[in-house]
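So this block is model02.cif, mmCIF, C-alpha atoms:
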```cif
data_final
loop_
_atom_site.label_atom_id
_atom_site.label_comp_id
_atom_site.auth_asym_id
_atom_site.auth_seq_id
_atom_site.Cartn_x
_atom_site.Cartn_y
_atom_site.Cartn_z
CA MET A 1 -226.93 191.27 129.69
CA ASP A 2 -229.82 192.04 132.07
CA ASP A 3 -232.10 189.77 130.02
CA LEU A 4 -229.90 186.72 130.40
CA PRO A 5 -231.28 184.03 132.74
CA LEU A 6 -229.52 183.33 136.00
CA ALA A 7 -228.31 179.80 135.18
CA PRO A 8 -226.07 180.73 132.17
CA LEU A 9 -224.52 183.63 134.11
CA LEU A 10 -223.71 181.38 137.05
CA GLY A 11 -222.29 178.82 134.64
CA VAL A 12 -220.01 181.38 132.99
CA LEU A 13 -218.97 182.62 136.44
CA ALA A 14 -218.04 179.09 137.53
CA LEU A 15 -216.09 178.47 134.33
CA ALA A 16 -214.23 181.77 134.72
CA LEU A 17 -213.35 180.81 138.31
CA LEU A 18 -212.07 177.41 137.14
CA TRP A 19 -210.16 179.08 134.29
CA SER A 20 -208.40 181.46 136.68
CA ALA A 21 -207.62 178.70 139.18
CA LEU A 22 -206.04 176.46 136.53
CA PHE A 23 -203.75 179.15 135.15
CA THR A 24 -202.77 180.24 138.66
CA ALA A 25 -201.89 176.62 139.47
CA VAL A 26 -199.75 176.28 136.33
CA ASP A 27 -197.95 179.54 137.16
CA ALA A 28 -197.30 178.35 140.73
CA ALA A 29 -196.06 174.98 139.45
CA GLN A 30 -193.59 176.67 137.11
CA GLN A 31 -192.29 178.88 139.93
CA SER A 32 -191.94 175.84 142.18
CA LEU A 33 -189.90 173.94 139.60
CA ASN A 34 -187.73 177.00 138.94
CA GLY A 35 -187.01 177.24 142.66
CA ALA A 36 -186.11 173.55 142.78
CA ARG A 37 -183.69 174.02 139.87
CA ARG A 38 -181.99 176.94 141.62
CA ASN A 39 -181.52 174.80 144.72
CA GLY A 40 -179.82 172.08 142.73
CA GLN A 41 -182.78 169.69 142.61
CA THR A 42 -182.55 168.81 138.96
CA ASP A 43 -184.86 165.82 138.60
CA ALA A 44 -186.35 165.50 135.13
CA HIS A 45 -189.58 167.41 134.71
CA PRO A 46 -191.60 168.87 131.80
CA GLU A 47 -190.85 172.41 130.66
CA LEU A 48 -193.58 174.99 130.10
CA LYS A 49 -193.60 175.82 126.38
CA VAL A 50 -195.11 179.31 126.58
CA ALA A 51 -194.00 182.61 128.05
CA PRO A 52 -194.84 183.09 131.78
CA GLN A 53 -196.49 186.43 130.94
CA ALA A 54 -199.29 184.56 129.17
CA LEU A 55 -200.12 182.67 132.38
CA VAL A 56 -200.48 185.91 134.32
CA LEU A 57 -202.69 187.43 131.61
CA CYS A 58 -205.01 184.39 131.41
CA SER A 59 -205.36 184.16 135.17
CA THR A 60 -206.05 187.88 135.50
CA LEU A 61 -208.70 187.85 132.77
CA GLY A 62 -210.50 185.03 134.55
CA LYS A 63 -210.47 186.91 137.87
CA LEU A 64 -211.79 190.08 136.25
CA LEU A 65 -214.62 188.15 134.59
CA VAL A 66 -215.60 186.51 137.89
CA LEU A 67 -215.64 189.85 139.68
CA ALA A 68 -217.61 191.57 136.90
CA LEU A 69 -220.30 188.84 136.71
CA ALA A 70 -220.66 188.68 140.50
CA CYS A 71 -221.13 192.46 140.76
CA LEU A 72 -223.63 192.37 137.86
CA LEU A 73 -225.71 189.68 139.53
CA GLY A 74 -225.59 191.44 142.88
CA GLN A 75 -226.79 194.73 141.39
CA ARG A 76 -229.55 193.00 139.43
CA TYR A 77 -231.12 191.35 142.47
CA ASN A 78 -230.35 193.78 145.31
CA GLY A 79 -229.34 197.11 143.78
CA GLU A 80 -226.29 199.03 144.99
CA HIS A 81 -226.20 197.12 148.28
CA GLY A 82 -226.07 193.84 146.41
CA PHE A 83 -223.36 195.18 144.10
CA TRP A 84 -220.94 195.72 146.99
CA LEU A 85 -221.86 192.50 148.78
CA ALA A 86 -221.39 190.47 145.60
CA GLY A 87 -218.01 192.17 144.96
CA LEU A 88 -216.85 191.34 148.48
CA GLY A 89 -218.05 187.75 148.15
CA ALA A 90 -216.39 187.32 144.74
CA THR A 91 -213.11 188.69 146.10
CA THR A 92 -213.19 186.18 148.95
CA LEU A 93 -214.05 183.39 146.52
CA LEU A 94 -211.16 184.34 144.25
CA LEU A 95 -208.64 184.49 147.09
CA VAL A 96 -209.58 181.02 148.33
CA PHE A 97 -210.35 179.10 145.13
CA ALA A 98 -208.32 180.98 142.51
CA GLU A 99 -205.20 181.84 144.53
CA TYR A 100 -204.40 179.99 147.75
CA LEU A 101 -205.96 176.60 146.94
CA PRO A 102 -204.50 176.27 143.39
CA ARG A 103 -201.04 177.29 144.59
CA GLN A 104 -201.10 174.74 147.41
CA LEU A 105 -202.17 171.99 145.01
CA ALA A 106 -199.54 173.01 142.42
CA ARG A 107 -196.70 172.83 144.95
CA ARG A 108 -197.65 169.23 145.79
CA ASN A 109 -197.40 168.02 142.20
CA PRO A 110 -195.81 170.64 139.89
CA PRO A 111 -195.12 168.34 136.89
CA ALA A 112 -198.79 167.43 136.60
CA PHE A 113 -199.85 171.06 136.25
CA ILE A 114 -197.01 171.85 133.84
CA THR A 115 -198.26 168.97 131.67
CA LEU A 116 -201.77 170.44 131.93
CA GLY A 117 -200.42 173.81 130.72
CA ASN A 118 -198.71 172.14 127.75
CA THR A 119 -201.79 170.14 126.71
CA LEU A 120 -205.28 171.25 127.72
CA LEU A 121 -204.40 174.91 128.26
CA LYS A 122 -201.92 175.22 125.40
CA VAL A 123 -204.41 176.71 122.90
CA PRO A 124 -205.56 179.73 125.00
CA LEU A 125 -202.00 180.33 126.21
CA THR A 126 -200.68 180.36 122.65
CA LEU A 127 -203.47 182.65 121.42
CA LEU A 128 -203.01 185.18 124.22
CA GLN A 129 -199.21 185.05 124.21
CA PRO A 130 -198.81 187.94 121.68
CA VAL A 131 -201.14 190.10 123.81
CA ALA A 132 -199.11 189.24 126.90
CA TRP A 133 -195.89 190.23 125.13
CA LEU A 134 -197.50 193.50 124.02
CA LEU A 135 -198.61 194.37 127.56
CA ASP A 136 -195.20 193.40 128.93
CA GLY A 137 -193.59 195.69 126.35
CA CYS A 138 -195.91 198.54 127.38
CA ALA A 139 -194.89 198.04 131.01
CA ARG A 140 -191.22 198.22 130.04
CA VAL A 141 -191.86 201.45 128.13
CA VAL A 142 -193.63 202.96 131.14
CA LEU A 143 -190.71 202.04 133.41
CA ARG A 144 -188.07 203.23 130.98
CA PRO A 145 -187.99 206.88 132.20
CA PHE A 146 -187.14 205.63 135.69
CA ARG A 147 -183.91 203.97 134.54
CA VAL A 148 -180.67 205.90 134.88
CA GLN A 149 -179.21 206.27 131.43
CA PRO A 150 -175.81 207.62 130.42
CA HIS A 151 -175.73 211.01 128.74
CA ALA A 152 -174.96 210.79 125.06
CA VAL A 153 -174.68 213.52 122.38
CA ALA A 154 -173.04 213.81 119.00
CA LEU A 155 -169.51 215.05 119.49
CA HIS A 156 -166.37 215.72 117.46
CA GLU A 157 -162.98 215.28 118.98
CA GLN A 158 -162.22 219.00 118.82
CA ASP A 159 -165.41 219.99 120.70
CA SER A 160 -164.98 221.39 124.18
CA ASP A 161 -165.56 219.08 127.14
CA ASP A 162 -168.12 220.51 129.50
CA ASP A 163 -169.07 217.45 131.55
CA LEU A 164 -168.18 216.85 135.13
CA ASP A 165 -164.88 215.12 135.69
CA GLU A 166 -164.67 212.10 137.88
CA ASP A 167 -163.56 212.09 141.48
CA PRO A 168 -159.73 212.00 141.49
CA GLN A 169 -159.87 209.44 144.28
CA ALA A 170 -161.68 207.02 141.94
CA ASP A 171 -158.39 206.24 140.18
CA HIS A 172 -156.97 204.51 143.24
CA ARG A 173 -157.29 200.74 143.16
CA LEU A 174 -159.03 198.91 145.97
CA ASN A 175 -156.99 196.98 148.47
CA LEU A 176 -157.73 193.30 149.12
CA PRO A 177 -160.23 193.64 152.01
CA GLU A 178 -162.18 196.33 150.13
CA SER A 179 -162.27 194.28 146.94
CA LEU A 180 -163.63 191.30 148.86
CA LEU A 181 -166.27 193.45 150.53
CA ALA A 182 -167.20 194.87 147.12
CA LEU A 183 -168.24 191.38 146.01
CA ASP A 184 -171.35 191.74 148.16
CA LYS A 185 -172.44 194.72 146.04
CA ILE A 186 -171.88 192.95 142.73
CA THR A 187 -174.33 190.30 141.55
CA VAL A 188 -173.90 187.31 139.28
CA ASN A 189 -175.81 189.21 136.60
CA ASP A 190 -173.00 191.79 136.49
CA ILE A 191 -170.29 189.36 135.40
CA LEU A 192 -172.11 186.49 133.65
CA VAL A 193 -171.27 185.38 130.13
CA PRO A 194 -174.46 186.24 128.15
CA ARG A 195 -176.37 183.31 126.70
CA ASN A 196 -175.62 184.44 123.14
CA ASP A 197 -171.89 184.10 123.85
CA VAL A 198 -172.12 180.76 125.66
CA ASP A 199 -170.32 177.89 123.95
CA GLY A 200 -172.41 174.78 124.52
CA VAL A 201 -173.13 171.33 123.07
CA ASN A 202 -176.43 170.93 121.23
CA LEU A 203 -177.47 167.29 121.50
CA ASP A 204 -179.63 167.71 118.39
CA ASP A 205 -176.47 168.09 116.28
CA SER A 206 -174.85 165.07 114.70
CA ILE A 207 -172.03 163.39 116.60
CA GLU A 208 -169.62 164.51 113.85
CA GLN A 209 -170.58 168.16 114.38
CA ILE A 210 -170.22 167.77 118.14
CA ILE A 211 -166.74 166.25 117.78
CA GLU A 212 -165.65 169.06 115.47
CA GLN A 213 -166.97 171.65 117.94
CA LEU A 214 -165.22 170.02 120.91
CA ILE A 215 -161.89 169.86 119.07
CA ILE A 216 -161.79 173.64 118.56
CA SER A 217 -163.37 174.53 121.92
CA ARG A 218 -161.10 176.19 124.48
CA HIS A 219 -163.35 175.47 127.46
CA THR A 220 -163.14 172.62 129.97
CA ARG A 221 -166.82 172.70 130.95
CA LEU A 222 -169.67 173.18 128.50
CA PRO A 223 -173.47 173.28 128.97
CA VAL A 224 -175.27 170.45 127.21
CA TYR A 225 -178.78 171.15 125.90
CA HIS A 226 -181.44 170.19 123.38
CA SER A 227 -182.08 172.72 120.60
CA ASP A 228 -182.31 175.75 122.92
CA ILE A 229 -179.97 176.69 125.74
CA ASN A 230 -183.04 177.12 127.95
CA GLN A 231 -183.18 173.32 127.94
CA VAL A 232 -179.86 172.76 129.73
CA GLU A 233 -179.67 169.10 130.74
CA ALA A 234 -176.09 168.70 131.98
CA ILE A 235 -172.57 170.07 132.09
CA LEU A 236 -169.88 168.30 130.05
CA ASN A 237 -166.35 167.86 131.41
CA THR A 238 -164.30 167.81 128.20
CA LYS A 239 -161.19 166.47 129.96
CA LEU A 240 -162.89 163.08 130.28
CA ILE A 241 -163.36 162.70 126.52
CA SER A 242 -160.46 164.68 125.06
CA HIS A 243 -158.53 161.48 124.27
CA LEU A 244 -161.43 160.28 122.06
CA LEU A 245 -161.62 163.37 119.86
CA PRO A 246 -158.52 163.08 117.60
CA LYS A 247 -159.66 159.73 116.14
CA ALA A 248 -163.39 160.62 116.24
CA GLU A 249 -164.11 157.76 118.64
CA LEU A 250 -166.60 159.75 120.72
CA THR A 251 -170.11 158.27 120.97
CA ARG A 252 -173.27 159.72 122.46
CA GLU A 253 -173.11 157.19 125.30
CA THR A 254 -169.57 158.28 126.17
CA LEU A 255 -170.63 161.91 125.90
CA HIS A 256 -173.47 161.42 128.39
CA ALA A 257 -171.17 159.49 130.74
CA ALA A 258 -168.83 162.51 130.90
CA CYS A 259 -171.68 164.84 131.96
CA TYR A 260 -172.95 165.77 135.39
CA GLU A 261 -176.03 167.57 136.72
CA PRO A 262 -176.23 171.32 136.02
CA TYR A 263 -176.07 173.82 138.86
CA PHE A 264 -178.52 176.71 138.52
CA VAL A 265 -177.80 180.15 139.99
CA PRO A 266 -180.29 183.07 140.43
CA GLU A 267 -179.05 186.15 138.58
CA SER A 268 -179.46 188.39 141.65
CA THR A 269 -177.05 186.35 143.84
CA PRO A 270 -174.23 188.53 145.28
CA LEU A 271 -170.77 187.38 144.22
CA GLN A 272 -169.63 186.99 147.81
CA LEU A 273 -172.46 184.52 148.46
CA GLN A 274 -171.92 182.76 145.14
CA LEU A 275 -168.24 182.27 145.93
CA LEU A 276 -169.27 180.45 149.11
CA ASN A 277 -171.92 178.47 147.23
CA PHE A 278 -169.37 177.29 144.67
CA HIS A 279 -167.23 176.05 147.56
CA LYS A 280 -170.11 174.28 149.32
CA GLN A 281 -171.46 172.71 146.13
CA GLN A 282 -167.96 171.82 144.88
CA ARG A 283 -168.79 173.44 141.55
CA ARG A 284 -166.89 175.66 139.16
CA LEU A 285 -169.68 176.61 136.72
CA GLY A 286 -173.26 177.73 137.28
CA VAL A 287 -176.10 178.27 134.80
CA VAL A 288 -177.61 181.70 135.55
CA VAL A 289 -181.43 181.94 135.42
CA ASP A 290 -183.87 184.80 135.97
CA GLU A 291 -187.03 184.77 138.09
CA TYR A 292 -188.91 182.85 135.38
CA GLY A 293 -186.21 180.19 135.05
CA GLU A 294 -185.03 181.53 131.69
CA VAL A 295 -181.31 180.98 131.14
CA GLN A 296 -179.43 184.29 131.05
CA GLY A 297 -175.89 182.91 130.70
CA ILE A 298 -173.22 181.19 132.75
CA VAL A 299 -170.87 182.20 135.56
CA THR A 300 -167.70 180.41 136.63
CA LEU A 301 -165.52 180.38 139.71
CA GLU A 302 -162.76 181.90 137.60
CA ASP A 303 -165.02 184.88 136.76
CA ILE A 304 -165.47 185.65 140.46
CA LEU A 305 -161.80 185.19 141.29
CA GLU A 306 -160.94 187.52 138.44
CA GLU A 307 -163.03 190.21 140.12
CA ILE A 308 -160.70 189.91 143.13
CA VAL A 309 -157.29 189.46 141.58
CA GLY A 310 -158.14 191.92 138.80
CA GLU A 311 -157.71 194.68 141.35
CA PHE A 312 -153.99 193.85 141.54
CA GLU A 313 -153.32 193.57 137.82
CA ASP A 314 -151.57 196.34 135.95
CA GLU A 315 -154.48 198.45 134.81
CA HIS A 316 -152.77 199.12 131.50
CA GLY A 317 -151.69 195.53 130.91
CA LEU A 318 -153.62 194.74 127.76
CA ASP A 319 -153.86 190.98 127.48
CA ASN A 320 -157.46 191.22 126.26
CA PRO A 321 -157.88 190.10 122.63
CA HIS A 322 -160.98 192.32 122.30
CA ILE A 323 -159.05 195.55 123.01
CA HIS A 324 -156.61 196.85 120.39
CA PRO A 325 -154.44 199.84 121.40
CA GLN A 326 -153.62 202.39 118.69
CA ALA A 327 -150.50 204.48 118.17
CA ASP A 328 -152.30 207.71 119.11
CA GLY A 329 -153.33 206.34 122.54
CA ARG A 330 -156.86 205.43 121.56
CA TYR A 331 -158.34 201.91 121.49
CA VAL A 332 -160.31 199.94 118.93
CA ILE A 333 -162.64 197.75 121.01
CA GLU A 334 -164.99 194.96 119.95
CA GLY A 335 -168.60 195.68 120.85
CA ASN A 336 -169.21 192.42 122.72
CA VAL A 337 -166.53 193.12 125.34
CA SER A 338 -167.80 193.27 128.93
CA ILE A 339 -167.85 196.76 130.44
CA ARG A 340 -166.47 195.46 133.73
CA GLU A 341 -163.67 193.72 131.83
CA LEU A 342 -162.99 196.91 129.87
CA ASN A 343 -162.88 199.01 133.04
CA ARG A 344 -160.52 196.56 134.69
CA ASN A 345 -158.12 196.35 131.73
CA LEU A 346 -157.94 200.08 131.03
CA GLY A 347 -158.56 201.47 134.51
CA TRP A 348 -161.69 203.23 133.21
CA HIS A 349 -164.97 203.86 134.98
CA LEU A 350 -167.68 203.44 132.36
CA PRO A 351 -171.10 202.84 133.98
CA SER A 352 -171.64 199.11 134.53
CA ASP A 353 -174.91 199.12 136.49
CA GLY A 354 -177.01 198.92 133.32
CA PRO A 355 -175.95 197.22 130.06
CA LYS A 356 -173.22 194.61 130.46
CA THR A 357 -171.40 195.06 127.14
CA LEU A 358 -169.94 198.06 125.32
CA ASN A 359 -172.43 197.58 122.47
CA GLY A 360 -175.29 197.55 124.99
CA LEU A 361 -174.03 200.78 126.54
CA VAL A 362 -173.81 202.46 123.12
CA THR A 363 -177.27 201.23 122.10
CA GLU A 364 -178.86 202.46 125.34
CA ALA A 365 -177.12 205.82 125.08
CA LEU A 366 -178.25 206.37 121.48
CA GLU A 367 -181.72 204.89 122.12
CA SER A 368 -181.57 203.42 118.62
CA ILE A 369 -179.75 200.81 116.55
CA PRO A 370 -176.11 201.97 116.28
CA GLU A 371 -174.82 203.23 112.94
CA SER A 372 -171.26 203.71 111.75
CA ALA A 373 -169.60 207.13 111.97
CA VAL A 374 -171.64 208.13 115.02
CA CYS A 375 -169.72 209.58 117.96
CA LEU A 376 -170.98 210.03 121.49
CA LYS A 377 -169.70 210.99 124.91
CA ILE A 378 -170.28 209.29 128.23
CA GLY A 379 -168.66 211.22 131.05
CA ARG A 380 -165.05 211.85 130.02
CA TYR A 381 -165.07 208.97 127.54
CA ARG A 382 -165.55 209.28 123.79
CA LEU A 383 -166.93 206.43 121.72
CA GLU A 384 -167.01 206.40 117.92
CA ILE A 385 -168.73 203.56 116.11
CA LEU A 386 -166.44 202.24 113.39
CA GLU A 387 -168.40 199.22 112.23
CA THR A 388 -171.86 197.70 112.77
CA GLU A 389 -172.95 194.11 112.20
CA ASP A 390 -176.34 192.46 112.78
CA ASN A 391 -177.75 195.67 114.29
CA CYS A 392 -174.88 195.80 116.81
CA ALA A 393 -171.82 198.00 117.14
CA SER A 394 -169.10 195.45 116.40
CA ARG A 395 -166.03 197.77 116.47
CA ILE A 396 -165.77 200.98 118.48
CA LEU A 397 -163.00 203.55 118.74
CA ALA A 398 -162.71 204.74 122.35
CA TRP A 399 -160.55 207.27 124.17
CA THR A 400 -160.58 209.58 127.15
CA VAL A 401 -160.31 213.35 127.22
CA THR A 402 -158.90 215.72 129.83
CA ARG A 403 -159.69 219.32 130.55
#
```
Can the structure in the file be given as structure tokens, please?
Amino acid sequence: MDDLPLAPLLGVLALALLWSALFTAVDAAQQSLNGARRNGQTDAHPELKVAPQALVLCSTLGKLLVLALACLLGQRYNGEHGFWLAGLGATTLLLVFAEYLPRQLARRNPPAFITLGNTLLKVPLTLLQPVAWLLDGCARVVLRPFRVQPHAVALHEQDSDDDLDEDPQADHRLNLPESLLALDKITVNDILVPRNDVDGVNLDDSIEQIIEQLIISRHTRLPVYHSDINQVEAILNTKLISHLLPKAELTRETLHAACYEPYFVPESTPLQLQLLNFHKQQRRLGVVVDEYGEVQGIVTLEDILEEIVGEFEDEHGLDNPHIHPQADGRYVIEGNVSIRELNRNLGWHLPSDGPKTLNGLVTEALESIPESAVCLKIGRYRLEILETEDNCASRILAWTVTR
């Protein structure tokens, strides 16, 4: 490296600086468009076709290369003193031309930079995407010990119960003011319908398939998307087209006419705030997105109201089709049932600050793919996996124990 002439090194340094600036601008443009979608500004714009992690990796590699080359040149021509001066100069250069300037330019015209990311920069982003996923997975593994996980061990029903019992006061239901105040501690992410369970209309399907789906659908409002639910384009009001379904008179033009702009909701929004936002926006359904704009699911006004009125329902009134009471007092529960829904229906207190479904809770507790005939305990609750399907616990036998 010391034998290389100055001109090629400066050329590589300039290219690395440009590389970093471009990827930073694309990342800023994507964040800007995601913010606009959350605020209800849903003008048509191109979607980035690669994972956001790849943008961060490409930009970081460019910055590291600029810093390394600058320090190398400084040490070559002025020793240790030049090394530190060159590092300081490169840092200043990166802050101005690879951070602040690209982000300002990207905010002025986000679609142009998203198009750049999908065309000129698509090849390096695609090549480095697996590496970005690997590094992201490593970060998740490092953070995993810091998550609070439920205690789970193999257990037979006749084994002694040596865990701590719950506070007796926890069995009392909240009154109305307390339940309303509790909405500020619960976020949209806690009650959303996961994207895998969302019933939506795929515009890539034939009109016959869409009609058949709408006839059997039980929902009034459905997300409309192309191919992937991340590409939500509108929300369909099925009441406006229900009269066209029996005779298969629905057309794509009529379908589009019955749609309206989607309303995007950040997953970290407290329910109390979201209840007010639904009122101000005159909406009843929101598409929940994470910090990268990825669709996580949907939330409805009815979901929030259920969190309030659920406090006054008979806690043993089982009108939930996913919960099947048994003669011996135990329950056969489908794995995809929401933990909050389960707690509300049965008056239980399973932990709901982590996984959102019973299958997710079981999987996290076991730290492996669930298998049938495995039993575990979480607090004073016992869960026995009866059936697994597609690497998920589909049916679970659950009951409580007393001292």
Polymer residues at most 12 Å from Thr254 in chain A, all atoms listed in the file, same-chain spacing of 6 or more positions, as an NGL selection string = :A and (207 or 211 or 236-238 or 240-245 or 248)
Could you please take those selected residues and save C-alpha atoms as a PDB file, in the coordinates of the input?
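Output contents, as saved in out.pdb:
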```
ATOM      1  CA  ILE A 207    -172.030 163.390 116.600  1.00  0.00           C
ATOM      2  CA  ILE A 211    -166.740 166.250 117.780  1.00  0.00           C
ATOM      3  CA  LEU A 236    -169.880 168.300 130.050  1.00  0.00           C
ATOM      4  CA  ASN A 237    -166.350 167.860 131.410  1.00  0.00           C
ATOM      5  CA  THR A 238    -164.300 167.810 128.200  1.00  0.00           C
ATOM      6  CA  LEU A 240    -162.890 163.080 130.280  1.00  0.00           C
ATOM      7  CA  ILE A 241    -163.360 162.700 126.520  1.00  0.00           C
ATOM      8  CA  SER A 242    -160.460 164.680 125.060  1.00  0.00           C
ATOM      9  CA  HIS A 243    -158.530 161.480 124.270  1.00  0.00           C
ATOM     10  CA  LEU A 244    -161.430 160.280 122.060  1.00  0.00           C
ATOM     11  CA  LEU A 245    -161.620 163.370 119.860  1.00  0.00           C
ATOM     12  CA  ALA A 248    -163.390 160.620 116.240  1.00  0.00           C
TER      13      ALA A 248
END
```
message = Show me, as a list in words, the residues that have an atom within 8 Å of range 70-74 of chain A when counting all atoms listed in the file, minus same-chain residues fewer than 5 positions from it.
response =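 Residues meeting the cut-off are Leu13, Gly79, Glu80, His81, Gly82, Phe83, Trp84, Leu85, Ala86, Gly87 and Ala90 of chain A.
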task = Can you work out which one of A:Val362, A:Val193, A:Leu67, A:Val188 has the shortest atom-to-atom distance to Leu271 in chain A, counting only C-alpha atoms?
result =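 Of the candidates, the smallest distance to Leu271 in chain A is held by A:Val188.
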Point-to-point distance from CA of Lys377 in chain A to CA of Leu192 in chain A, Å rounded to tenths = 26.1 Å
ask   = Which value, in Å to one decimal, gives the distance between CA of His322 in chain A and CA of Ile339 in chain A?
value = 11.5 Å
task = Compare A:Pro270, A:Gly297, A:Gly354, A:Pro246 by their minimum atom-to-atom distance to Pro223 in chain A, counting only C-alpha atoms, and give me the closest one.
result =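 Among the listed residues, the smallest separation from Pro223 in chain A belongs to A:Gly297.
Picture a line from CA of Thr115 in chain A to CA of Gln30 in chain A; it runs 10.5 Å.
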Spatial sel., origin (-170.0, 187.8, 128.4), limit 12 Å, all atoms listed in the file, listed as an MDAnalysis selection string = chainID A and resid 188:199 296:300 303 322 335:342 355:360
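Once the PyMOL selection byres ((chain A and resi 256-262) around 9) is applied to this file, the selection holds Arg37, Gly40, Thr42, Pro223, Val224, Val232, Glu233, Ala234, Ile235, Leu236, Asn237, Thr238, Lys239, Leu240, Ile241, Thr251, Arg252, Glu253, Thr254, Leu255, Tyr263, Phe264, Leu285, Gly286 and Val287 of chain A.
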ask   = Mind telling me what the PyMOL selection byres ((chain A and resi 400) around 12) catches here, as number ranges by chain?
value = A: 157, 161, 165-166, 328-331, 346-350, 376-384, 397-399, 401-403
Written as an mmCIF file with C-alpha atoms, in the frame of the given file, what is the full residue list that the PyMOL selection byres ((chain A and resi 5-9) around 12) yields on the file shown?
```cif
data_model
loop_
_atom_site.group_PDB
_atom_site.id
_atom_site.type_symbol
_atom_site.label_atom_id
_atom_site.label_comp_id
_atom_site.auth_asym_id
_atom_site.auth_seq_id
_atom_site.Cartn_x
_atom_site.Cartn_y
_atom_site.Cartn_z
ATOM 1 C CA MET A 1 -226.930 191.270 129.690
ATOM 2 C CA ASP A 2 -229.820 192.040 132.070
ATOM 3 C CA ASP A 3 -232.100 189.770 130.020
ATOM 4 C CA LEU A 4 -229.900 186.720 130.400
ATOM 5 C CA LEU A 10 -223.710 181.380 137.050
ATOM 6 C CA GLY A 11 -222.290 178.820 134.640
ATOM 7 C CA VAL A 12 -220.010 181.380 132.990
ATOM 8 C CA LEU A 13 -218.970 182.620 136.440
ATOM 9 C CA ALA A 14 -218.040 179.090 137.530
ATOM 10 C CA LEU A 15 -216.090 178.470 134.330
ATOM 11 C CA ALA A 16 -214.230 181.770 134.720
ATOM 12 C CA LEU A 65 -214.620 188.150 134.590
ATOM 13 C CA VAL A 66 -215.600 186.510 137.890
ATOM 14 C CA ALA A 68 -217.610 191.570 136.900
ATOM 15 C CA LEU A 69 -220.300 188.840 136.710
ATOM 16 C CA ALA A 70 -220.660 188.680 140.500
ATOM 17 C CA CYS A 71 -221.130 192.460 140.760
ATOM 18 C CA LEU A 72 -223.630 192.370 137.860
ATOM 19 C CA LEU A 73 -225.710 189.680 139.530
ATOM 20 C CA GLY A 74 -225.590 191.440 142.880
ATOM 21 C CA ARG A 76 -229.550 193.000 139.430
ATOM 22 C CA TYR A 77 -231.120 191.350 142.470
#
```
task = Go through A:Gly293, A:Gly89, A:Pro145, A:Pro351 and flag the residue nearest Leu33 in chain A, using all atoms listed in the file for the distances.
result =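 The shortest atom-to-atom distance to Leu33 in chain A comes from A:Gly293.
Minimum distance to Asp290 in chain A across A:Trp19, A:Gln31, A:Tyr100, A:Leu203 (counting all atoms listed in the file) occurs at A:Gln31.
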Surrounding residues of Leu386 in chain A excluding itself and chain neighbours under 4 positions, 8 Å, all atoms listed in the file, as a PyMOL selection string = chain A and resi 372-373+393-397
ask   = Taking into account all atoms listed in the file, which residue in the set A:Asp353, A:Glu267, A:Glu367, A:Glu334 is nearest to Glu387 in chain A?
value =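 For Glu387 in chain A, the nearest of the given residues is A:Glu334.
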task = Around the point (-209.0, 181.9, 142.2) in the file's coordinates, collect all residues with an atom within 10 Å, using all atoms listed in the file, and return them as an MDAnalysis selection string.
result = chainID A and resid 16:25 59:60 62:63 66 90:103
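Taking all atoms listed in the file into account, Thr187 in chain A lies nearest to A:Gln272 out of the set A:Gln272, A:Asn202, A:Ser368, A:Asn230.
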